[in-house]
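Comments concern the structure below.
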Amino acid sequence: MRFAWNLVCAAVLFGLIMAGSTPAVAEGRAVRLNGDAPPHRIWHRLVMPGHTVRLDVPKGYTASVDGEPVGRRWVAPEAPGHHSLRVVDKTGETVQQVALFVLVPSASIDDRGYLEGYRIGRYPRNTPKGFIRLGRNDLNIRISPSFRIGQFICKQQPGHFPKFLLVGGANVHRLEVLLAGLRKEGVTKAKNFFVMSGFRTPYYNAAIGSARLSRHMYGDASDIYVDVDPRDGVMDDLNGDGAVTKADADFLYDFAERLFAARPDVEPGGLGSYAANAVHGPFLHSDGRGSKARWGR
Amino acid sequence: MLYSRSLLAGLVAGSSLLMTVSSAAGQHAMPVSLAVPSETDVAALPLAEMLGDPAGGDLTGDIERLVMQGFLETGLSADIGDSAVQAGRMAYAQDLFQPIWSKAGAESLIRLNENLLAYGLPVDPDGGEAVAQVVERRFDAPSDADRARADIELTAIWLRIAAAVSGGLEDEGAAVASLANQPARSLLTTALRRAGEGDAIGTLTPFEPESAQYKGLKKALHQYIDIQSRGGWYAIPDGDLVREGDHDSRIPQLRARLQAEGYAIAWETEADRDDPAPTPTDSGRPLVEVALKDGAAEDGAIAERAADLMADPTELDAPLVATLKDFQSRHGLEPDGVVGPMTLAALNESVESKVGRIVRAMEQWRSQGALGERYVWANIPSFTAEGWNAGRREIRMKTVVGMPSRETPIFSDQIEYTVANPKWYVPVSIARRDKLPKLIEDATYADRKGFTVYERSTGLQVSSSAVNWRDPGAVNRYRLVQNPGSSNALGELKIIFPNRHSVYLHGTPSTSLFKRASRAFSSGCVRLERPVAMANWLASHDTRASEAQIRRAVASGENRHIRFGAPIPVHLTYVTVTVDDEGVPNFWRDIYKRDDQIHFVERYAPPEIQTTASVALDSMGPKPAD
């Protein structure tokens, strides 16, 4: 059991740091970062300070980071922060945009479990190598075509900045695939999901009494619902039965189950369907744990 | 109802309950980890370690320790849903276990606790003192641990009130699925923190039911509490029927009684006598707000001034009749303007009883949960069906509901389709009770009323005259189906929300019944005064059905099904107090005897008050209180 868990964690960490073993799914995105093509035109990568990102840019394309031309290698600075990689084609059109997050090494967490006043707590095991550091103005950074980094922050210390978090490529990719599928079949016109819970620090996860080894602590899980019709803070009536109930979460679950099974680019992961309770409506839990897990249905 | 009462009992007992818990927790000084089922090696992980170290001083440290020991859960989860307790825990966790309650917040909580009656929640006379004591401990207790405990207790008190105001903060279950659709509840954690910062009252607003009825009832409650505080009214003794123009010693009391509830009565003067059509009062609308402004002393002055103008205070004159008719129609009585036993019974319901009825109606709306964006509301005691959309009533009509022996059930469901020119498949029970006697008595009955008879075993049509209806087993062997037509019991149209009660909305050939004030005549279904109008209203918002389609289907005379594109919620309720568009409450008769808490005034007016209120009745002595 311990072995299996370690494997999963290793996979998660690998996914987080090396970001994305998913193949390119569309033409024109032949750009590779450390050998991997981002699965979407807008994407993100997590990089440890001082580490090198190898860039493979096809002929005729030009890459830049923060507006400065860049060659085949980009070395992450020591300071944590956000950098914008952009690849344009001959006509000057952007074909690839990647938010490069240089992480704060987890060694910076102090003895009491804090990072710059933000309470991280302690990982029971498999402490991630580092964390994305977000300033007040960084919340709107796009990490994929439909999602912004601010949607995934932990709910703790609402007024406190900087905040720290992790967000996993497999997790975000699953959300993008699900959203596209729902839109394609006309289930919803939503342009994104409401992410009820994305990243959780071990502190917050423990404080709210959640599962101890929650995938949320690794940025690898999202609790989501569709909320556009009407936009009211709870799931929409997706199955059209006139009421917003667990049946709508089940609808989302079944839809995701069917969709993901047919998509080789979606890694095995967890799906959970949740009923409404006094403080939230029905929702779907999705994670990219690397192995299949199903509950609540 | 009962559930909520127990909530409230907990509400005021809350602090003491939590105190018990806290002393119990104090005996276990060691941090107790929460029981989270997990694999063996995982279970060994100390949860406390995941938290890191407490952020601040001793107070936050103590709050953290108590919350992590499950102090909130132990004190609350027996009363409110686990997830609502979880919201309290999240509120602490989000701010690193800083105390939630500031001085301003605690004071607003005291004010809220004193004002629970405004929400229709019972007030415990000792509850205020209990809350004040927790507030005192929160700020003045010598030890941080005691102050930490008090902060969590205040949180528990506010959560209990929020739960009571919202109707339970229940987790979704099979029985309460409709409650889940409450967006405001996702705000619970945020609202709690804002309450603690100083607004314990305003933060509750999103948790109150959204229905217009609840809001109107809340206002009416305020008005009736005021009438109650001014002494309500006296009982009017039984006696002979009094009709317009009759003289009766109880008429001055009747006048005082109606005015006490805020009904405006025009005073008839000698000049009015010559006017063949005296102008009615402002339709006699109960001017409760006016009544609130006028003090009792001023009422007396008005009465005295009016006495000079009045022809005869003991006469049931035209203006008083107009007001009485209004009273009658607002109490489910025939508006005949006659003082009779049923009208007296309605007049003699005490103001306390009416306050109680309003409170219970508010409670019903709380437990009803979200009604939906667009829905049909059929309320049994008011004999009405209404169509609501986006918070506005768009259609309203009279209904006929089940007679007391065949009550219309109370439930919520979803309308799926409508049938124009429906056939009526007579249920065996109705065939036995209602049809068999007629079939036996009149050989032409089946043909005249358009019934076709089928043999159940073969499915073949048989002639009614070939069946021996005197055989008690005949209703089980033969099926009666009434064809569409002018005598069809379901009228032009039926509206279906498939349910285990086999109840639906439909028309009726017996339209004369809609003229009656009390309309409990059906076998359980809800008969609509204008079924086609209701179907048209449903279709007017629908993606699939159209009004034209319904009109054509009805006109065709053929049996046609029309399915709606989206199901529409329908709520069958039994609420005995409703408010009209002006916010005036109507107190309906308890036709199914469900409300066993209707009480009557037991005091008759003492002579001196009768004299004042009744405007100088020298010749008439008060009737003895029999």
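The way I read the labels, and the way they are meant: chains A, B, ... in the order of the structure tokens, residue 1 as the first residue of every chain, and ligand 1 as the first ligand shown, with later ones counted on from there.
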
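Look at Lys494 of chain B: the protein and nucleic acid residues within 8 Å of it, using only C-alpha atoms and passing over chain neighbours fewer than 4 places away, are Thr418, Val419, Ala420, Asn421, Pro422, Leu490, Tyr504, Leu505, His506, Gly507 and Pro531 of chain B.
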
Could those residues be written to a file, using N, CA, C and O atoms, as a short mmCIF file (atom, residue, chain, number, x, y, z; two decimals), in the first residue's frame?
```cif
data_model
loop_
_atom_site.label_atom_id
_atom_site.label_comp_id
_atom_site.auth_asym_id
_atom_site.auth_seq_id
_atom_site.Cartn_x
_atom_site.Cartn_y
_atom_site.Cartn_z
N THR B 418 -49.61 18.05 -20.48
CA THR B 418 -51.03 18.37 -20.32
C THR B 418 -51.81 17.57 -21.37
O THR B 418 -51.25 17.19 -22.40
N VAL B 419 -53.05 17.28 -21.06
CA VAL B 419 -53.89 16.51 -21.98
C VAL B 419 -55.16 17.31 -22.25
O VAL B 419 -55.91 17.61 -21.33
N ALA B 420 -55.36 17.65 -23.52
CA ALA B 420 -56.59 18.33 -23.91
C ALA B 420 -57.69 17.28 -24.10
O ALA B 420 -57.41 16.16 -24.55
N ASN B 421 -58.91 17.64 -23.77
CA ASN B 421 -60.07 16.76 -23.89
C ASN B 421 -59.78 15.38 -23.30
O ASN B 421 -59.82 14.37 -24.02
N PRO B 422 -59.43 15.34 -22.05
CA PRO B 422 -58.99 14.07 -21.46
C PRO B 422 -60.15 13.09 -21.32
O PRO B 422 -61.30 13.47 -21.17
N LEU B 490 -63.32 15.81 -16.08
CA LEU B 490 -62.04 16.51 -16.05
C LEU B 490 -62.05 17.80 -16.86
O LEU B 490 -61.04 18.47 -16.98
N TYR B 504 -53.88 15.35 -9.88
CA TYR B 504 -53.46 16.28 -10.92
C TYR B 504 -54.36 17.51 -10.92
O TYR B 504 -55.27 17.61 -10.10
N LEU B 505 -54.06 18.43 -11.81
CA LEU B 505 -54.89 19.62 -11.97
C LEU B 505 -55.78 19.39 -13.18
O LEU B 505 -55.30 18.90 -14.20
N HIS B 506 -57.05 19.74 -13.07
CA HIS B 506 -57.92 19.56 -14.23
C HIS B 506 -59.10 20.51 -14.18
O HIS B 506 -59.35 21.16 -13.17
N GLY B 507 -59.82 20.56 -15.29
CA GLY B 507 -61.03 21.39 -15.36
C GLY B 507 -62.21 20.64 -14.77
O GLY B 507 -62.06 19.56 -14.20
N PRO B 531 -58.67 26.05 -16.50
CA PRO B 531 -57.56 25.11 -16.77
C PRO B 531 -56.80 25.46 -18.05
O PRO B 531 -55.57 25.30 -18.09
#
```

How would you write, as a tab-separated table (two decimals) with C-alpha atoms, in the first residue's frame, the set of residues in segment 130-209 of chain A that DSSP gives as helix (DSSP H, G or I)?
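Output contents, as saved in out39.tsv:
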```tsv
chain	number	residue	atom	x	y	z
A	136	ARG	CA	-2.06	40.25	-5.29
A	137	ASN	CA	-1.84	41.02	-9.03
A	138	ASP	CA	-1.05	37.52	-10.20
A	149	ILE	CA	-4.41	30.52	-11.56
A	150	GLY	CA	-6.52	32.48	-9.04
A	151	GLN	CA	-9.33	29.93	-9.35
A	152	PHE	CA	-7.20	27.30	-7.65
A	169	GLY	CA	-1.14	19.86	-15.54
A	170	ALA	CA	-3.05	16.58	-15.57
A	171	ASN	CA	-5.70	18.12	-13.33
A	172	VAL	CA	-6.17	21.20	-15.50
A	173	HIS	CA	-6.12	19.18	-18.71
A	174	ARG	CA	-8.95	16.99	-17.44
A	175	LEU	CA	-11.01	20.10	-16.74
A	176	GLU	CA	-10.35	21.47	-20.21
A	177	VAL	CA	-11.31	18.19	-21.86
A	178	LEU	CA	-14.50	17.93	-19.80
A	179	LEU	CA	-15.48	21.53	-20.48
A	180	ALA	CA	-14.90	21.17	-24.21
A	181	GLY	CA	-16.93	17.95	-24.23
A	182	LEU	CA	-19.88	19.56	-22.43
A	183	ARG	CA	-19.84	22.55	-24.75
A	184	LYS	CA	-19.56	20.41	-27.84
A	202	PRO	CA	-1.85	20.64	4.55
A	203	TYR	CA	-2.72	23.14	7.29
A	204	TYR	CA	-6.11	24.01	5.78
A	205	ASN	CA	-6.82	20.45	4.78
A	206	ALA	CA	-6.23	19.29	8.35
A	207	ALA	CA	-8.02	22.26	9.91
```

Next on the checklist: Can you work out which residues from chain A touch chain B at a cut-off of 6 Å (counting only C-alpha atoms) and hand them back as a list in words?
Outcome noted: Arg112, Gly113, Gly121, Arg122, Tyr123, Gln156, Gln157, Pro202, Tyr203, Ala207, Ile208, Asp232, Gly233, Val234, Gly242, Val244, Ala276, Asn277, Ala278, Val279 and His280 of chain A

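Each of A:Val266, A:Ala261, A:Ala249, A:Val65 was checked against Phe101 of chain A using only C-alpha atoms; the smallest atom-to-atom distance is that of A:Val65.
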
Next on the checklist: I need the residues in segment 80-257 of chain A that are strand (DSSP E) according to DSSP; give them as a ChimeraX atom specification.
Outcome noted: /A:81-88,94-102,104-105,114-115,118-119,130-134,163-165,194-197,221-225

Just N, CA and C atoms for this one: save the residues we selected as a CSV table (one decimal), in the first residue's frame.
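result_39.csv, freshly written:
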```
chain,number,residue,atom,x,y,z
A,81,GLY,N,8.7,33.5,-9.1
A,81,GLY,CA,7.9,34.4,-9.8
A,81,GLY,C,7.3,33.8,-11.1
A,82,HIS,N,6.7,34.7,-11.9
A,82,HIS,CA,6.0,34.2,-13.1
A,82,HIS,C,6.6,34.9,-14.3
A,83,HIS,N,6.8,34.0,-15.3
A,83,HIS,CA,7.4,34.5,-16.6
A,83,HIS,C,6.5,34.0,-17.7
A,84,SER,N,6.5,34.8,-18.8
A,84,SER,CA,5.6,34.5,-19.8
A,84,SER,C,6.3,34.1,-21.1
A,85,LEU,N,6.2,32.8,-21.4
A,85,LEU,CA,6.8,32.3,-22.7
A,85,LEU,C,5.8,32.4,-23.8
A,86,ARG,N,6.3,33.0,-24.9
A,86,ARG,CA,5.4,33.2,-26.0
A,86,ARG,C,6.1,32.7,-27.3
A,87,VAL,N,5.4,31.9,-28.1
A,87,VAL,CA,5.9,31.5,-29.4
A,87,VAL,C,5.0,32.0,-30.5
A,88,VAL,N,5.7,32.7,-31.4
A,88,VAL,CA,4.9,33.3,-32.6
A,88,VAL,C,5.3,32.6,-33.9
A,94,THR,N,0.5,34.4,-32.2
A,94,THR,CA,0.9,33.6,-31.1
A,94,THR,C,0.4,32.2,-31.3
A,95,VAL,N,1.3,31.2,-31.3
A,95,VAL,CA,0.8,29.8,-31.4
A,95,VAL,C,0.9,29.1,-30.1
A,96,GLN,N,1.7,29.6,-29.2
A,96,GLN,CA,1.8,29.0,-27.9
A,96,GLN,C,2.2,30.0,-26.8
A,97,GLN,N,1.5,29.9,-25.7
A,97,GLN,CA,1.7,30.8,-24.6
A,97,GLN,C,1.8,29.9,-23.4
A,98,VAL,N,2.9,30.1,-22.6
A,98,VAL,CA,3.1,29.3,-21.4
A,98,VAL,C,3.5,30.1,-20.2
A,99,ALA,N,2.7,30.0,-19.2
A,99,ALA,CA,3.0,30.7,-17.9
A,99,ALA,C,4.1,29.9,-17.2
A,100,LEU,N,5.3,30.4,-17.1
A,100,LEU,CA,6.4,29.7,-16.4
A,100,LEU,C,6.4,30.1,-15.0
A,101,PHE,N,6.1,29.3,-14.1
A,101,PHE,CA,6.1,29.6,-12.6
A,101,PHE,C,7.4,29.1,-12.0
A,102,VAL,N,8.2,30.0,-11.6
A,102,VAL,CA,9.4,29.6,-10.9
A,102,VAL,C,9.1,29.4,-9.4
A,104,VAL,N,8.9,28.6,-5.3
A,104,VAL,CA,9.7,28.8,-4.1
A,104,VAL,C,10.0,27.4,-3.5
A,105,PRO,N,11.3,27.1,-3.3
A,105,PRO,CA,11.6,25.7,-2.8
A,105,PRO,C,10.9,25.5,-1.5
A,114,TYR,N,5.4,27.9,8.1
A,114,TYR,CA,4.9,29.1,7.4
A,114,TYR,C,5.8,29.5,6.2
A,115,LEU,N,5.2,30.1,5.2
A,115,LEU,CA,6.0,30.7,4.1
A,115,LEU,C,5.5,32.2,4.0
A,118,TYR,N,2.2,32.9,5.4
A,118,TYR,CA,1.2,32.0,4.8
A,118,TYR,C,1.4,30.6,5.4
A,119,ARG,N,0.3,30.2,6.1
A,119,ARG,CA,0.5,28.9,6.9
A,119,ARG,C,0.4,27.7,5.9
A,130,GLY,N,8.5,22.5,-4.4
A,130,GLY,CA,8.3,23.9,-4.3
A,130,GLY,C,6.9,24.3,-4.5
A,131,PHE,N,6.6,25.6,-4.4
A,131,PHE,CA,5.3,26.2,-4.6
A,131,PHE,C,5.3,27.4,-5.5
A,132,ILE,N,4.1,27.6,-6.2
A,132,ILE,CA,3.9,28.8,-6.9
A,132,ILE,C,3.7,29.9,-5.9
A,133,ARG,N,4.3,31.1,-6.1
A,133,ARG,CA,4.1,32.2,-5.2
A,133,ARG,C,3.3,33.3,-6.0
A,134,LEU,N,2.2,33.6,-5.4
A,134,LEU,CA,1.3,34.6,-6.1
A,134,LEU,C,1.1,35.9,-5.4
A,163,LYS,N,0.3,34.4,-1.7
A,163,LYS,CA,-0.3,33.1,-1.5
A,163,LYS,C,0.6,32.1,-2.2
A,164,PHE,N,0.5,30.8,-1.7
A,164,PHE,CA,1.3,29.8,-2.3
A,164,PHE,C,0.4,28.6,-2.7
A,165,LEU,N,0.7,28.0,-3.8
A,165,LEU,CA,-0.1,26.9,-4.2
A,165,LEU,C,0.6,26.0,-5.2
A,194,PHE,N,-16.8,26.5,-12.2
A,194,PHE,CA,-16.5,27.2,-10.9
A,194,PHE,C,-15.7,26.2,-10.1
A,195,VAL,N,-14.5,26.6,-9.7
A,195,VAL,CA,-13.6,25.7,-8.9
A,195,VAL,C,-13.9,26.0,-7.5
A,196,MET,N,-14.6,25.1,-6.8
A,196,MET,CA,-15.0,25.3,-5.5
A,196,MET,C,-13.8,25.1,-4.5
A,197,SER,N,-13.0,24.1,-4.9
A,197,SER,CA,-11.8,23.8,-4.1
A,197,SER,C,-10.8,23.3,-5.0
A,221,ALA,N,-6.1,18.0,-7.6
A,221,ALA,CA,-7.6,17.7,-7.6
A,221,ALA,C,-8.4,19.0,-7.7
A,222,SER,N,-9.5,18.9,-8.2
A,222,SER,CA,-10.4,20.1,-8.3
A,222,SER,C,-11.9,19.6,-8.0
A,223,ASP,N,-12.5,20.4,-7.1
A,223,ASP,CA,-14.0,20.2,-6.9
A,223,ASP,C,-14.7,21.3,-7.7
A,224,ILE,N,-15.5,20.8,-8.7
A,224,ILE,CA,-16.0,21.8,-9.6
A,224,ILE,C,-17.5,21.7,-9.9
A,225,TYR,N,-18.1,22.7,-10.3
A,225,TYR,CA,-19.4,22.6,-10.9
A,225,TYR,C,-19.6,23.7,-12.0
```

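Non-sequential neighbours of Ile380 of chain B (distance at most 10 Å, separation of 4 or more positions within a chain, only C-alpha atoms) are Thr384, Ala385, Thr399, Val400, Val401, Gly402, Glu407, Thr408, Pro409, Ile410, Arg519, Ala520, Val526, Leu572, Thr573, Tyr574, Val575, Thr576, Trp588, Asp590, Ile591 and Tyr592 of chain B.
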
Convert the current residue selection to file output with N, CA and C atoms, as an mmCIF file, in the first residue's frame.
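Final output, saved to again.cif:
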```
data_model
loop_
_atom_site.group_PDB
_atom_site.id
_atom_site.type_symbol
_atom_site.label_atom_id
_atom_site.label_comp_id
_atom_site.auth_asym_id
_atom_site.auth_seq_id
_atom_site.Cartn_x
_atom_site.Cartn_y
_atom_site.Cartn_z
ATOM 1 N N THR B 384 -56.918 28.263 -4.079
ATOM 2 C CA THR B 384 -56.332 29.034 -5.177
ATOM 3 C C THR B 384 -55.173 28.274 -5.816
ATOM 4 N N ALA B 385 -54.958 28.557 -7.101
ATOM 5 C CA ALA B 385 -53.762 28.079 -7.799
ATOM 6 C C ALA B 385 -53.154 29.281 -8.502
ATOM 7 N N THR B 399 -59.745 27.365 -7.142
ATOM 8 C CA THR B 399 -59.701 25.912 -7.279
ATOM 9 C C THR B 399 -60.823 25.292 -6.449
ATOM 10 N N VAL B 400 -61.097 24.034 -6.764
ATOM 11 C CA VAL B 400 -61.904 23.174 -5.892
ATOM 12 C C VAL B 400 -60.947 22.075 -5.444
ATOM 13 N N VAL B 401 -60.911 21.816 -4.149
ATOM 14 C CA VAL B 401 -59.962 20.817 -3.635
ATOM 15 C C VAL B 401 -60.717 19.661 -3.002
ATOM 16 N N GLY B 402 -59.966 18.685 -2.511
ATOM 17 C CA GLY B 402 -60.565 17.478 -1.952
ATOM 18 C C GLY B 402 -61.415 17.770 -0.724
ATOM 19 N N GLU B 407 -59.009 14.123 1.298
ATOM 20 C CA GLU B 407 -58.106 15.280 1.298
ATOM 21 C C GLU B 407 -57.162 15.298 0.097
ATOM 22 N N THR B 408 -56.951 16.478 -0.441
ATOM 23 C CA THR B 408 -55.894 16.665 -1.428
ATOM 24 C C THR B 408 -54.557 16.549 -0.692
ATOM 25 N N PRO B 409 -53.659 15.700 -1.171
ATOM 26 C CA PRO B 409 -52.380 15.535 -0.452
ATOM 27 C C PRO B 409 -51.469 16.757 -0.631
ATOM 28 N N ILE B 410 -50.529 16.884 0.292
ATOM 29 C CA ILE B 410 -49.580 17.998 0.266
ATOM 30 C C ILE B 410 -48.234 17.456 -0.198
ATOM 31 N N ARG B 519 -64.558 25.612 -0.927
ATOM 32 C CA ARG B 519 -64.664 24.775 -2.114
ATOM 33 C C ARG B 519 -63.928 23.450 -1.957
ATOM 34 N N ALA B 520 -64.275 22.708 -0.932
ATOM 35 C CA ALA B 520 -63.672 21.391 -0.744
ATOM 36 C C ALA B 520 -64.688 20.344 -1.160
ATOM 37 N N VAL B 526 -57.143 18.571 -7.856
ATOM 38 C CA VAL B 526 -57.363 20.008 -7.768
ATOM 39 C C VAL B 526 -58.044 20.453 -9.063
ATOM 40 N N LEU B 572 -48.139 21.726 -3.898
ATOM 41 C CA LEU B 572 -49.442 21.662 -3.243
ATOM 42 C C LEU B 572 -49.202 21.866 -1.752
ATOM 43 N N THR B 573 -49.763 22.941 -1.210
ATOM 44 C CA THR B 573 -49.465 23.267 0.193
ATOM 45 C C THR B 573 -50.750 23.388 0.994
ATOM 46 N N TYR B 574 -50.578 23.393 2.297
ATOM 47 C CA TYR B 574 -51.705 23.638 3.205
ATOM 48 C C TYR B 574 -51.269 24.735 4.165
ATOM 49 N N VAL B 575 -51.329 25.967 3.684
ATOM 50 C CA VAL B 575 -50.917 27.117 4.492
ATOM 51 C C VAL B 575 -52.180 27.918 4.795
ATOM 52 N N THR B 576 -52.499 28.097 6.078
ATOM 53 C CA THR B 576 -53.785 28.736 6.377
ATOM 54 C C THR B 576 -53.697 30.258 6.447
ATOM 55 N N TRP B 588 -57.343 31.660 6.383
ATOM 56 C CA TRP B 588 -58.289 30.708 5.796
ATOM 57 C C TRP B 588 -58.775 29.718 6.823
ATOM 58 N N ASP B 590 -59.562 26.259 8.513
ATOM 59 C CA ASP B 590 -58.744 25.047 8.621
ATOM 60 C C ASP B 590 -59.594 23.865 8.194
ATOM 61 N N ILE B 591 -59.838 23.754 6.868
ATOM 62 C CA ILE B 591 -60.857 22.806 6.399
ATOM 63 C C ILE B 591 -60.515 21.353 6.719
ATOM 64 N N TYR B 592 -59.223 21.038 6.777
ATOM 65 C CA TYR B 592 -58.858 19.650 7.079
ATOM 66 C C TYR B 592 -58.515 19.449 8.557
#
```

Checklist entry - What lies within 6 Å of Met217 of chain A using only C-alpha atoms, ignoring chain neighbours under 4 positions off, as a ChimeraX atom specification? => result /A:199-202

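The nearest approach to Pro230 of chain A among the residues A:Arg263, A:Arg73, A:Lys246, A:Lys189, with only C-alpha atoms taken into account, belongs to A:Lys189.
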
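Take atom CA of Pro209 of chain B and atom CA of Trp377 of chain B: the distance between them is 15.6 Å.
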
Next on the checklist: Can you tell me which residues surround Arg551 of chain B at a distance of at most 10 Å, considering only C-alpha atoms, apart from same-chain residues fewer than 6 positions away, and format the answer as an NGL selection string?
Outcome noted: :B and (420 or 532-533 or 535-536)

Convert the current residue selection to file output with N, CA and C atoms, as a tab-separated table (two decimals), in the first residue's frame.
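After the write, out.tsv holds the following:
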```
chain	number	residue	atom	x	y	z
B	420	ALA	N	-55.36	17.65	-23.52
B	420	ALA	CA	-56.59	18.33	-23.91
B	420	ALA	C	-57.69	17.28	-24.10
B	532	VAL	N	-57.51	25.92	-19.07
B	532	VAL	CA	-56.82	26.22	-20.34
B	532	VAL	C	-55.90	27.42	-20.15
B	533	ALA	N	-56.36	28.39	-19.35
B	533	ALA	CA	-55.51	29.56	-19.09
B	533	ALA	C	-54.23	29.13	-18.37
B	535	ALA	N	-52.80	26.13	-18.53
B	535	ALA	CA	-51.96	25.41	-19.50
B	535	ALA	C	-51.28	26.40	-20.46
B	536	ASN	N	-52.03	27.42	-20.86
B	536	ASN	CA	-51.44	28.44	-21.74
B	536	ASN	C	-50.30	29.15	-21.05
```

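Once segment 447-462 of chain B and its same-chain neighbours fewer than 6 positions away are set aside, Lys423, Trp424, Tyr425, Val426, Ala474, Val475, Asn476, Arg477, Tyr478, Arg479, Leu480, Val481, Gln482, Asn483, Pro484, Gly485, Ser486, Ser487, Asn488 and Ala489 of chain B remain within 10 Å of it when counting only C-alpha atoms.
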
Item to check | Given only C-alpha atoms as the counted atoms, nearest of B:Phe383, B:Phe587, B:Tyr604, B:Phe564 to Glu529 of chain B | outcome: B:Phe383

Checklist entry - If we count only C-alpha atoms, what is near Ile440 of chain B at a cut-off of 8 Å, once residues fewer than 3 positions away on the same chain are taken out, given as a ChimeraX atom specification? => result /B:436-437,443,469-470

Checklist entry - Which value, in Å to one decimal, gives the distance between atom CA of Glu352 of chain B and atom CA of Asp240 of chain B? => result 26.9 Å

Checklist outcome for this item: Correct to one decimal, the distance atom CA of Trp74 of chain A-atom CA of Val167 of chain A is 21.3 Å

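With distances restricted to only C-alpha atoms, B:Ser102 is the closest residue to Arg194 of chain B from B:Ser102, B:Gln213, B:Asp246, B:Arg111.
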